[in-house]
>>> print(open('my_file08.cif').read())   # mmCIF, C-alpha atoms
data_work
loop_
_atom_site.label_atom_id
_atom_site.label_comp_id
_atom_site.auth_asym_id
_atom_site.auth_seq_id
_atom_site.Cartn_x
_atom_site.Cartn_y
_atom_site.Cartn_z
CA MET A 21 2.35 12.86 3.90
CA VAL A 22 2.28 10.89 0.64
CA PHE A 23 -0.96 12.50 -0.48
CA GLU A 24 0.41 15.98 0.23
CA LYS A 25 3.47 15.30 -1.93
CA ILE A 26 1.55 13.95 -4.94
CA LYS A 27 -1.29 16.45 -4.78
CA GLY A 28 -1.62 18.20 -8.14
CA GLN A 29 0.82 15.88 -9.94
CA PHE A 30 -1.64 13.28 -11.28
CA SER A 31 -4.52 14.94 -13.08
CA ARG A 32 -6.16 11.61 -14.03
CA LEU A 33 -6.18 10.25 -10.47
CA LYS A 34 -9.75 10.12 -9.16
CA LEU A 35 -10.04 6.99 -6.99
CA ILE A 36 -7.67 5.40 -4.45
CA TRP A 37 -8.26 2.02 -2.81
CA ALA A 38 -6.89 1.55 0.68
CA ASP A 39 -6.87 -1.04 3.45
CA GLY A 40 -9.28 -0.79 6.38
CA ALA A 41 -6.48 0.54 8.57
CA TYR A 42 -6.71 3.87 6.71
CA ALA A 43 -10.39 4.43 7.46
CA GLY A 44 -11.45 7.42 9.49
CA GLN A 45 -10.63 11.09 9.08
CA LEU A 46 -8.20 10.41 6.24
CA VAL A 47 -11.08 9.65 3.85
CA GLU A 48 -12.63 13.09 4.33
CA TRP A 49 -9.25 14.85 4.35
CA VAL A 50 -8.27 13.32 1.00
CA LYS A 51 -11.64 14.28 -0.50
CA ASN A 52 -11.58 17.86 0.78
CA THR A 53 -7.87 18.60 0.29
CA CYS A 54 -6.96 16.66 -2.84
CA GLY A 55 -10.35 16.07 -4.51
CA TRP A 56 -9.88 12.28 -4.71
CA LEU A 57 -12.17 9.52 -3.52
CA LEU A 58 -10.43 7.26 -0.98
CA GLU A 59 -12.35 3.98 -0.94
CA ILE A 60 -11.69 1.59 1.94
CA VAL A 61 -11.66 -2.13 1.07
CA LYS A 62 -12.49 -4.17 4.16
CA PRO A 63 -14.21 -7.47 4.96
CA ASN A 64 -17.86 -7.74 5.94
CA GLN A 65 -18.49 -7.71 9.68
CA GLY A 66 -19.34 -11.05 11.28
CA VAL A 67 -17.93 -13.27 8.53
CA THR A 68 -15.31 -15.78 9.67
CA GLY A 69 -12.72 -17.57 7.57
CA PHE A 70 -11.52 -16.61 4.11
CA GLN A 71 -13.47 -13.90 2.38
CA PHE A 72 -12.78 -12.59 -1.11
CA LEU A 73 -12.40 -8.82 -1.05
CA PRO A 74 -12.96 -6.97 -4.32
CA ARG A 75 -9.92 -4.97 -5.42
CA ARG A 76 -7.76 -6.36 -2.59
CA TRP A 77 -5.65 -8.09 -5.25
CA VAL A 78 -4.65 -4.66 -6.56
CA VAL A 79 -3.15 -3.79 -3.18
CA GLU A 80 -1.36 -7.15 -2.86
CA ARG A 81 -0.01 -6.90 -6.43
CA THR A 82 1.35 -3.43 -5.70
CA PHE A 83 3.15 -4.72 -2.60
CA GLY A 84 4.62 -7.47 -4.79
CA TRP A 85 5.94 -4.86 -7.22
CA PHE A 86 7.49 -2.93 -4.33
CA GLY A 87 9.28 -6.10 -3.23
CA ARG A 88 11.03 -6.33 -6.60
CA TYR A 89 12.89 -3.06 -6.03
CA ARG A 90 16.19 -3.68 -4.27
CA ARG A 91 16.00 -0.60 -2.06
CA LEU A 92 12.53 -1.54 -0.76
CA SER A 93 13.25 -5.22 -0.15
CA GLU A 94 14.51 -6.51 3.18
CA ASP A 95 16.00 -9.59 1.49
CA TYR A 96 19.08 -7.61 0.44
CA GLU A 97 20.14 -6.61 3.94
CA PHE A 98 23.34 -8.30 5.17
CA GLN A 99 24.91 -8.76 8.55
CA THR A 100 28.69 -8.49 8.50
CA ASP A 101 29.25 -11.71 10.45
CA LYS A 102 27.05 -13.88 8.15
CA PRO A 103 27.62 -14.48 4.43
CA THR A 104 23.94 -15.01 3.52
CA PRO A 105 21.16 -12.42 3.35
CA VAL A 106 18.96 -12.21 6.44
CA LYS A 107 15.80 -10.36 7.27
CA THR A 108 16.77 -7.77 9.87
CA TRP A 109 13.50 -5.86 10.20
CA PHE A 110 11.96 -7.96 12.97
#
>>> encode(input="my_file08.cif", output="structure tokens")
Amino acid sequence: MVFEKIKGQFSRLKLIWADGAYAGQLVEWVKNTCGWLLEIVKPNQGVTGFQFLPRRWVVERTFGWFGRYRRLSEDYEFQTDKPTPVKTWF
């Protein structure tokens, strides 16, 4: 749904990095419908423990930016019976 809404709005957009959860038919759909390359960043199979993933920091940084916006952050949700902020999403 996001790709459909931004299609045609960003003429310089050529490459999108995504988590392994987005692999599958979405890669081909984005290429055929929008003309962008959707590159999946995922760990190597069979490797255990920490593994550095190229460009994964870009994804994590973006999530950090999202957390700075009050409307996207769960830390600003309040329950009426408690005076302090609580996380209510889980």
>>> closest_residue(input="my_file08.cif", among="A:Cys54, A:Ala38, A:Val22, A:Ala43", to="Arg75 (chain A)", atoms="all atoms listed in the file")
A:Ala38
>>> atom_distance(input="my_file08.cif", atom1="CA of Gly66 (chain A)", atom2="CA of Glu80 (chain A)")
23.2 Å
>>> atom_distance(input="my_file08.cif", atom1="CA of Met21 (chain A)", atom2="CA of Trp56 (chain A)")
15.0 Å
>>> closest_residue(input="my_file08.cif", among="A:Tyr42, A:Gly84, A:Ile36, A:Arg76", to="Glu59 (chain A)", atoms="all atoms listed in the file")
A:Ile36
>>> atom_distance(input="my_file08.cif", atom1="CA of Trp49 (chain A)", atom2="CA of Lys34 (chain A)")
14.3 Å
>>> closest_residue(input="my_file08.cif", among="A:Ile26, A:Ile60, A:Val50, A:Leu33", to="Pro74 (chain A)", atoms="only C-alpha atoms")
A:Ile60
>>> closest_residue(input="my_file08.cif", among="A:Gly44, A:Pro63, A:Gly69, A:Gly55", to="Ser31 (chain A)", atoms="all atoms listed in the file")
A:Gly55
